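First up is the structure itself, then whatever we jot down about it.
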Amino acid sequence: MKTAGQSFPALATALLVATSSALFAQTPTPAELRIHAGQVTAHVSPLLYGLMTEEINYSYDGGLYGELVRNRNFKEDAKYPVHWRMAADKGAAGTISLDSGNPLNDANTVSLKLTAEKAAANQTVGVANDGFWGIPVRPRTTYHASLWAKAAPGFTGPLNLAIVSNDGAIVHAKAQVPHLTTGWRKYEATLTTADAAVSAENRFVISMAAPGSVWLNLVSLFPPTYNNRPNGNRKDIMELLAGMKPAFLRFPGGNYLEGNTVATRFDWKKTIGDNSARPGHMDDSWRYWSSDGMGLLEFLEWCEDLHMEPVLGVYAGYSLRGGARFKPGAELEPYVKEALEEIEYAAGGAGTTWGARRAKDGHPTPFPLTYVEIGNEDNGDRETGSYEGRFAQFFDGIRAKYPQLKIIATTPVTTRAADVIDEHYYRRSEDEMAFHANDYDTRRRLGGPLVFVGEWATRVGDPTPTLGAALGDAAWLIGMERNSDLVIMASYAPLFVNVNPGGMQWQTDLIGYNTLTSYGSPSYYAQKMFSNYHGDEVLATSAQSVPSREWQPPAGRGGRGPAPATPQQTPMPQQAPLMFFDATRDSRTGVIYVKVVNRGNLAYPVHINVAGLSSIAPSGDAVVMQGDGPQDTNSITNPEKIKPVTVRVDGLSTNFTHTFAPFSVTVLQMKGK
């Protein structure tokens, strides 16, 4: 309860814990929820609900990024053209090989040489790409193909392009490059399917019908993209994201930003311009190749497409392994300069050096930019004072040139006053997350930075969260929303996972997909509910007779990092609440949004009293997500088993009782006067 003289404005929900036996009673004693409509304790941050992203679990290549060709510049393996193989008709003969003697340019120095030794119109020799777990085919769909090619003297074409079933029986779509030259040129074509059956068991084939040799580089195939952007994003995944109404995007993300070494960090200058100028790099944190087709401009355009504010993470002179740590001063200065140039590329006018480069790349208008984050999880840098010194040098450089920007630290600092600190929480169970859901209620406000919960998740579910995890997540969301005077931004992580075999490096993940389809997890829908249904004012609440259950905290630390080196004493059992409450109001419409999480296995009555209003409209709406048990979940084959539904609720007033379903998240909407 808030009392006079407290330094923090959020009114904590007073969880006066009842004994766990109430959970198992057939007719539970109602919990008591009092909403003090005359007391606004905080304002909901307009940036509270957003997205965090990095290249993990095939999030970009093989995920959001629309490119269908895998290993398009032949650099994933130095010895063999992985994901490419010969495709020769019976009686035809030829070879394929990597060739470093015919580079496209300084960025793409390896080409694929295709030689047809015996070929004819009905005996073609070609090379086939298997894509990311197949090439998706849909009926009446147009694909855009492009490639760089050159021919040996004596061969002028044509090259045949086709999307073909893996068994070779069906040609779904085809096109032709009619004429080649002996110098590198870019060729483009469109391939359109007819009434094809939806399938992923296909490959992209480039073939020749006469003897000769050709060299290929940067071979690309795109389906229709969101907003029809060239080099754009997959439509179905973008539509899922749009449904969340995210306010920001933190990019390029965690370990992917730093890399294990300096050479494998997100080197933004190598990710801009035409794809032919992007070398790609090994995402060694998560052990697969990144094409860098999803580059700095594409991240910014992603923000533009979904009306999100960019939260730009800049490399802070520290990589995860290999001893990459630059000392403050002259050694670090090139990376500070690199960050300032990156900010200029994003937000500088077309008259600036890097703003002009952005305009040349196709976007003359600067992007809005308010927040810049210095590094990622720099608590992992164990050298005393290392991040303090590095942060100070970045802070001073950015503040001097861009005084309007808000600067985010990734671990507590004392030598400079960070505007925001990024905190990460990965919990190992629903109970653990629920136990910590009210942590911010008692956080000191005076003198400290605001908080960005840049990564968080209840890690229960593989590859995506269970309903139980979603209930823990919803409890955590209630705690952040109630304290959004302090917690100004929050984003779940990881955002994406490719559910095909071999596609996942980290569980648990918010949105799953394969080559053809995608789905939102129960946690996705919980976050969608919170983002779509809230007011701008946090109302004071107090609660009594709230049920709980005993849980056993695990020994050791949660989240990332190795297990402790020494045995840990088993912690004492704790009580984890089973119900959570929050109330916000739209100051323009008077609608009150009451959020209630019931993690228990019984329908639970809650007596709700609204003080400070003369009346409540007798009818309202409730958005409810529930399931049969905590192990319920969504999947690629059952994508909407758990999802919210909207129902009409009658009998509302300033004093009423409503029963909340077991294993449920509810947003009750009431109109007050």
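Each chain in the structure tokens gets a letter, A, B, ..., in the order shown, and its residues are numbered from 1; ligands are numbered from 1 in order too.
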
- Mind listing the alpha helix (DSSP H) residues of region 452-652 of chain A, per DSSP on the backbone, as a PyMOL selection string? chain A and resi 467-482+522-532

Quick one: write out the picked residues with C-alpha atoms as a short mmCIF file (atom, residue, chain, number, x, y, z; two decimals), in the first residue's frame?
```cif
data_model
loop_
_atom_site.label_atom_id
_atom_site.label_comp_id
_atom_site.auth_asym_id
_atom_site.auth_seq_id
_atom_site.Cartn_x
_atom_site.Cartn_y
_atom_site.Cartn_z
CA LEU A 467 0.29 -21.82 -21.48
CA GLY A 468 1.91 -22.13 -18.06
CA ALA A 469 4.86 -20.06 -19.28
CA ALA A 470 2.42 -17.53 -20.73
CA LEU A 471 0.72 -17.21 -17.33
CA GLY A 472 4.07 -16.50 -15.71
CA ASP A 473 4.82 -14.02 -18.49
CA ALA A 474 1.46 -12.32 -17.99
CA ALA A 475 2.15 -11.95 -14.26
CA TRP A 476 5.47 -10.31 -15.12
CA LEU A 477 3.76 -8.03 -17.66
CA ILE A 478 1.32 -6.90 -14.97
CA GLY A 479 4.23 -5.97 -12.72
CA MET A 480 5.92 -3.96 -15.46
CA GLU A 481 2.74 -2.21 -16.57
CA ARG A 482 1.85 -1.27 -13.02
CA PRO A 522 0.38 -18.45 -25.87
CA SER A 523 2.95 -15.91 -24.65
CA TYR A 524 2.63 -14.09 -27.96
CA TYR A 525 -1.12 -13.76 -27.41
CA ALA A 526 -0.64 -12.64 -23.81
CA GLN A 527 1.64 -9.85 -24.98
CA LYS A 528 -0.74 -8.96 -27.77
CA MET A 529 -3.51 -8.60 -25.18
CA PHE A 530 -1.39 -6.33 -23.00
CA SER A 531 -0.21 -4.18 -25.90
CA ASN A 532 -3.65 -3.81 -27.46
#
```

- Message: as an MDAnalysis selection string, please: the residues near region 350-354 of chain A (cut-off 10 Å, only C-alpha atoms, same-chain neighbours under 6 positions excluded).
- Response: chainID A and resid 340:344 360 363:366

Could you write out that same residue set with N, CA, C and O atoms as a PDB file, in the first residue's frame?
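So the final result, stored in result-v3.pdb, reads:
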```pdb
ATOM      1  N   LEU A 340      29.068   6.828 -33.980  1.00  0.00           N
ATOM      2  CA  LEU A 340      28.558   8.145 -34.366  1.00  0.00           C
ATOM      3  C   LEU A 340      28.150   8.167 -35.840  1.00  0.00           C
ATOM      4  O   LEU A 340      27.134   8.766 -36.210  1.00  0.00           O
ATOM      5  N   GLU A 341      28.917   7.502 -36.671  1.00  0.00           N
ATOM      6  CA  GLU A 341      28.575   7.424 -38.092  1.00  0.00           C
ATOM      7  C   GLU A 341      27.313   6.590 -38.304  1.00  0.00           C
ATOM      8  O   GLU A 341      26.487   6.897 -39.172  1.00  0.00           O
ATOM      9  N   GLU A 342      27.148   5.541 -37.504  1.00  0.00           N
ATOM     10  CA  GLU A 342      25.949   4.712 -37.600  1.00  0.00           C
ATOM     11  C   GLU A 342      24.708   5.516 -37.219  1.00  0.00           C
ATOM     12  O   GLU A 342      23.656   5.422 -37.879  1.00  0.00           O
ATOM     13  N   ILE A 343      24.817   6.306 -36.169  1.00  0.00           N
ATOM     14  CA  ILE A 343      23.701   7.170 -35.781  1.00  0.00           C
ATOM     15  C   ILE A 343      23.396   8.155 -36.895  1.00  0.00           C
ATOM     16  O   ILE A 343      22.227   8.419 -37.206  1.00  0.00           O
ATOM     17  N   GLU A 344      24.424   8.692 -37.514  1.00  0.00           N
ATOM     18  CA  GLU A 344      24.219   9.641 -38.619  1.00  0.00           C
ATOM     19  C   GLU A 344      23.553   8.965 -39.808  1.00  0.00           C
ATOM     20  O   GLU A 344      22.685   9.568 -40.467  1.00  0.00           O
ATOM     21  N   LYS A 360      21.380   7.697 -50.810  1.00  0.00           N
ATOM     22  CA  LYS A 360      21.836   6.954 -51.980  1.00  0.00           C
ATOM     23  C   LYS A 360      21.326   5.524 -51.952  1.00  0.00           C
ATOM     24  O   LYS A 360      21.010   4.932 -52.992  1.00  0.00           O
ATOM     25  N   HIS A 363      16.712   5.828 -49.133  1.00  0.00           N
ATOM     26  CA  HIS A 363      15.824   6.390 -48.110  1.00  0.00           C
ATOM     27  C   HIS A 363      16.300   7.798 -47.745  1.00  0.00           C
ATOM     28  O   HIS A 363      17.025   7.989 -46.766  1.00  0.00           O
ATOM     29  N   PRO A 364      15.874   8.828 -48.504  1.00  0.00           N
ATOM     30  CA  PRO A 364      16.350  10.192 -48.236  1.00  0.00           C
ATOM     31  C   PRO A 364      15.945  10.728 -46.871  1.00  0.00           C
ATOM     32  O   PRO A 364      16.692  11.497 -46.259  1.00  0.00           O
ATOM     33  N   THR A 365      14.764  10.340 -46.365  1.00  0.00           N
ATOM     34  CA  THR A 365      14.263  10.888 -45.111  1.00  0.00           C
ATOM     35  C   THR A 365      14.936  10.229 -43.922  1.00  0.00           C
ATOM     36  O   THR A 365      15.005   9.001 -43.850  1.00  0.00           O
ATOM     37  N   PRO A 366      15.419  11.020 -42.963  1.00  0.00           N
ATOM     38  CA  PRO A 366      16.004  10.417 -41.754  1.00  0.00           C
ATOM     39  C   PRO A 366      14.958   9.639 -40.971  1.00  0.00           C
ATOM     40  O   PRO A 366      13.765   9.946 -41.004  1.00  0.00           O
TER      41      PRO A 366
END
```

- Go ahead and compute the interatomic distance for CA of Phe391 (chain A) and CA of Pro449 (chain A), in Å to one decimal.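 That distance, rounded to one decimal, is 14.8 Å.
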
- Message: Show me, as a PyMOL selection string, the residues that have an atom within 8 Å of Glu455 (chain A) when counting only C-alpha atoms, minus same-chain residues fewer than 2 positions from it.
- Response: chain A and resi 52+423-426+453+457+490-494

- Message: Ranking A:Ile206, A:Ala151, A:Ala359, A:Ala540 by minimum distance to Val125 (chain A) and counting only C-alpha atoms, which one comes first?
- Response: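 So, comparing all the options, the nearest one is A:Ile206.
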
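For the atom pair formed by CA of Ser146 (chain A) and CA of Lys90 (chain A), the distance is 27.4 Å, given to one decimal.
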
- Task: Find the residues around Gly448 (chain A) up to 12 Å (only C-alpha atoms counted), leave out those fewer than 3 positions away in its own chain, and share them as a PyMOL selection string.
- Result: chain A and resi 7-8+412-414+416-421+443-445+451+486-487

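Every residue of region 218-416 of chain A found in strand (DSSP E) when DSSP is run on the backbone appears here: Leu218, Val219, Ser220, Leu221, Phe222, Phe248, Leu249, Arg250, Phe251, His281, Met282, Asp283, Tyr288, Trp289, Ser290, Glu309, Pro310, Val311, Leu312, Gly313, Val314, Tyr371, Val372, Glu373, Ile374, Lys406, Ile407, Ile408 and Ala409 of chain A.
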
Write the selection just made, keeping C-alpha atoms, as a tab-separated table (two decimals), in the first residue's frame?
```tsv
chain	number	residue	atom	x	y	z
A	218	LEU	CA	24.60	-13.74	-55.38
A	219	VAL	CA	21.78	-15.96	-56.62
A	220	SER	CA	18.50	-14.76	-55.12
A	221	LEU	CA	14.81	-15.69	-55.11
A	222	PHE	CA	12.15	-13.68	-53.28
A	248	PHE	CA	9.83	-0.11	-30.65
A	249	LEU	CA	12.41	-2.52	-32.03
A	250	ARG	CA	15.72	-3.14	-30.27
A	251	PHE	CA	18.27	-4.23	-32.88
A	281	HIS	CA	29.64	-13.10	-42.02
A	282	MET	CA	29.60	-16.10	-39.72
A	283	ASP	CA	27.17	-15.65	-36.85
A	288	TYR	CA	25.53	-20.39	-38.79
A	289	TRP	CA	26.05	-18.05	-41.74
A	290	SER	CA	24.43	-14.61	-41.87
A	309	GLU	CA	10.65	3.50	-32.88
A	310	PRO	CA	14.17	2.14	-33.47
A	311	VAL	CA	16.29	1.37	-30.40
A	312	LEU	CA	19.76	1.15	-31.90
A	313	GLY	CA	22.38	-1.03	-30.27
A	314	VAL	CA	25.97	-0.05	-31.13
A	371	TYR	CA	17.41	5.72	-27.82
A	372	VAL	CA	20.91	4.32	-28.38
A	373	GLU	CA	22.18	1.33	-26.38
A	374	ILE	CA	25.91	0.94	-25.71
A	406	LYS	CA	18.78	8.98	-24.57
A	407	ILE	CA	21.66	6.63	-23.81
A	408	ILE	CA	21.10	3.09	-22.49
A	409	ALA	CA	23.65	1.20	-20.38
```

- Tell me which protein, DNA and RNA residues are within 9 Å of Gln393 (chain A), counting only C-alpha atoms, leaving out same-chain ones fewer than 4 positions away, and put them as a PyMOL selection string. chain A and resi 328-329+332-333+336+388-389+397-398

Write the selection just made, keeping N, CA, C and O atoms, as a PDB file, in the first residue's frame?
```
ATOM      1  N   PRO A 328      39.734   2.036 -23.151  1.00  0.00           N
ATOM      2  CA  PRO A 328      39.336   3.422 -23.403  1.00  0.00           C
ATOM      3  C   PRO A 328      40.527   4.260 -23.853  1.00  0.00           C
ATOM      4  O   PRO A 328      41.677   4.009 -23.479  1.00  0.00           O
ATOM      5  N   GLY A 329      40.221   5.267 -24.675  1.00  0.00           N
ATOM      6  CA  GLY A 329      41.272   6.107 -25.217  1.00  0.00           C
ATOM      7  C   GLY A 329      41.426   5.881 -26.698  1.00  0.00           C
ATOM      8  O   GLY A 329      40.460   5.585 -27.413  1.00  0.00           O
ATOM      9  N   LEU A 332      40.017   2.594 -28.321  1.00  0.00           N
ATOM     10  CA  LEU A 332      38.562   2.480 -28.452  1.00  0.00           C
ATOM     11  C   LEU A 332      37.981   3.505 -29.421  1.00  0.00           C
ATOM     12  O   LEU A 332      36.887   3.301 -29.957  1.00  0.00           O
ATOM     13  N   GLU A 333      38.686   4.585 -29.665  1.00  0.00           N
ATOM     14  CA  GLU A 333      38.118   5.714 -30.402  1.00  0.00           C
ATOM     15  C   GLU A 333      37.564   5.342 -31.787  1.00  0.00           C
ATOM     16  O   GLU A 333      36.514   5.868 -32.196  1.00  0.00           O
ATOM     17  N   VAL A 336      34.009   4.272 -31.288  1.00  0.00           N
ATOM     18  CA  VAL A 336      33.128   5.396 -30.964  1.00  0.00           C
ATOM     19  C   VAL A 336      32.782   6.149 -32.244  1.00  0.00           C
ATOM     20  O   VAL A 336      31.616   6.496 -32.489  1.00  0.00           O
ATOM     21  N   GLU A 388      32.718   0.451 -17.497  1.00  0.00           N
ATOM     22  CA  GLU A 388      32.635   1.833 -17.015  1.00  0.00           C
ATOM     23  C   GLU A 388      33.415   2.766 -17.941  1.00  0.00           C
ATOM     24  O   GLU A 388      32.918   3.817 -18.360  1.00  0.00           O
ATOM     25  N   GLY A 389      34.641   2.390 -18.263  1.00  0.00           N
ATOM     26  CA  GLY A 389      35.475   3.232 -19.111  1.00  0.00           C
ATOM     27  C   GLY A 389      34.986   3.306 -20.530  1.00  0.00           C
ATOM     28  O   GLY A 389      34.965   4.384 -21.152  1.00  0.00           O
ATOM     29  N   GLY A 397      31.029  10.929 -26.346  1.00  0.00           N
ATOM     30  CA  GLY A 397      31.013  11.188 -27.777  1.00  0.00           C
ATOM     31  C   GLY A 397      29.617  11.392 -28.323  1.00  0.00           C
ATOM     32  O   GLY A 397      29.364  12.303 -29.126  1.00  0.00           O
ATOM     33  N   ILE A 398      28.695  10.540 -27.885  1.00  0.00           N
ATOM     34  CA  ILE A 398      27.316  10.649 -28.380  1.00  0.00           C
ATOM     35  C   ILE A 398      26.639  11.885 -27.810  1.00  0.00           C
ATOM     36  O   ILE A 398      25.964  12.632 -28.533  1.00  0.00           O
TER      37      ILE A 398
END
```

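The space between CA of Val610 (chain A) and CA of Val597 (chain A) spans 18.5 Å.
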
- Counting only C-alpha atoms, which of A:Ala194, A:Ile96, A:Leu602, A:Ala242 gets nearest to Pro139 (chain A)? A:Ala194

- Between A:Ser276, A:Asn483, A:Ser615, A:Ser97, single out the one closest to Arg72 (chain A), counting only C-alpha atoms.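 Ranked by minimum distance to Arg72 (chain A), first place goes to A:Ser276.
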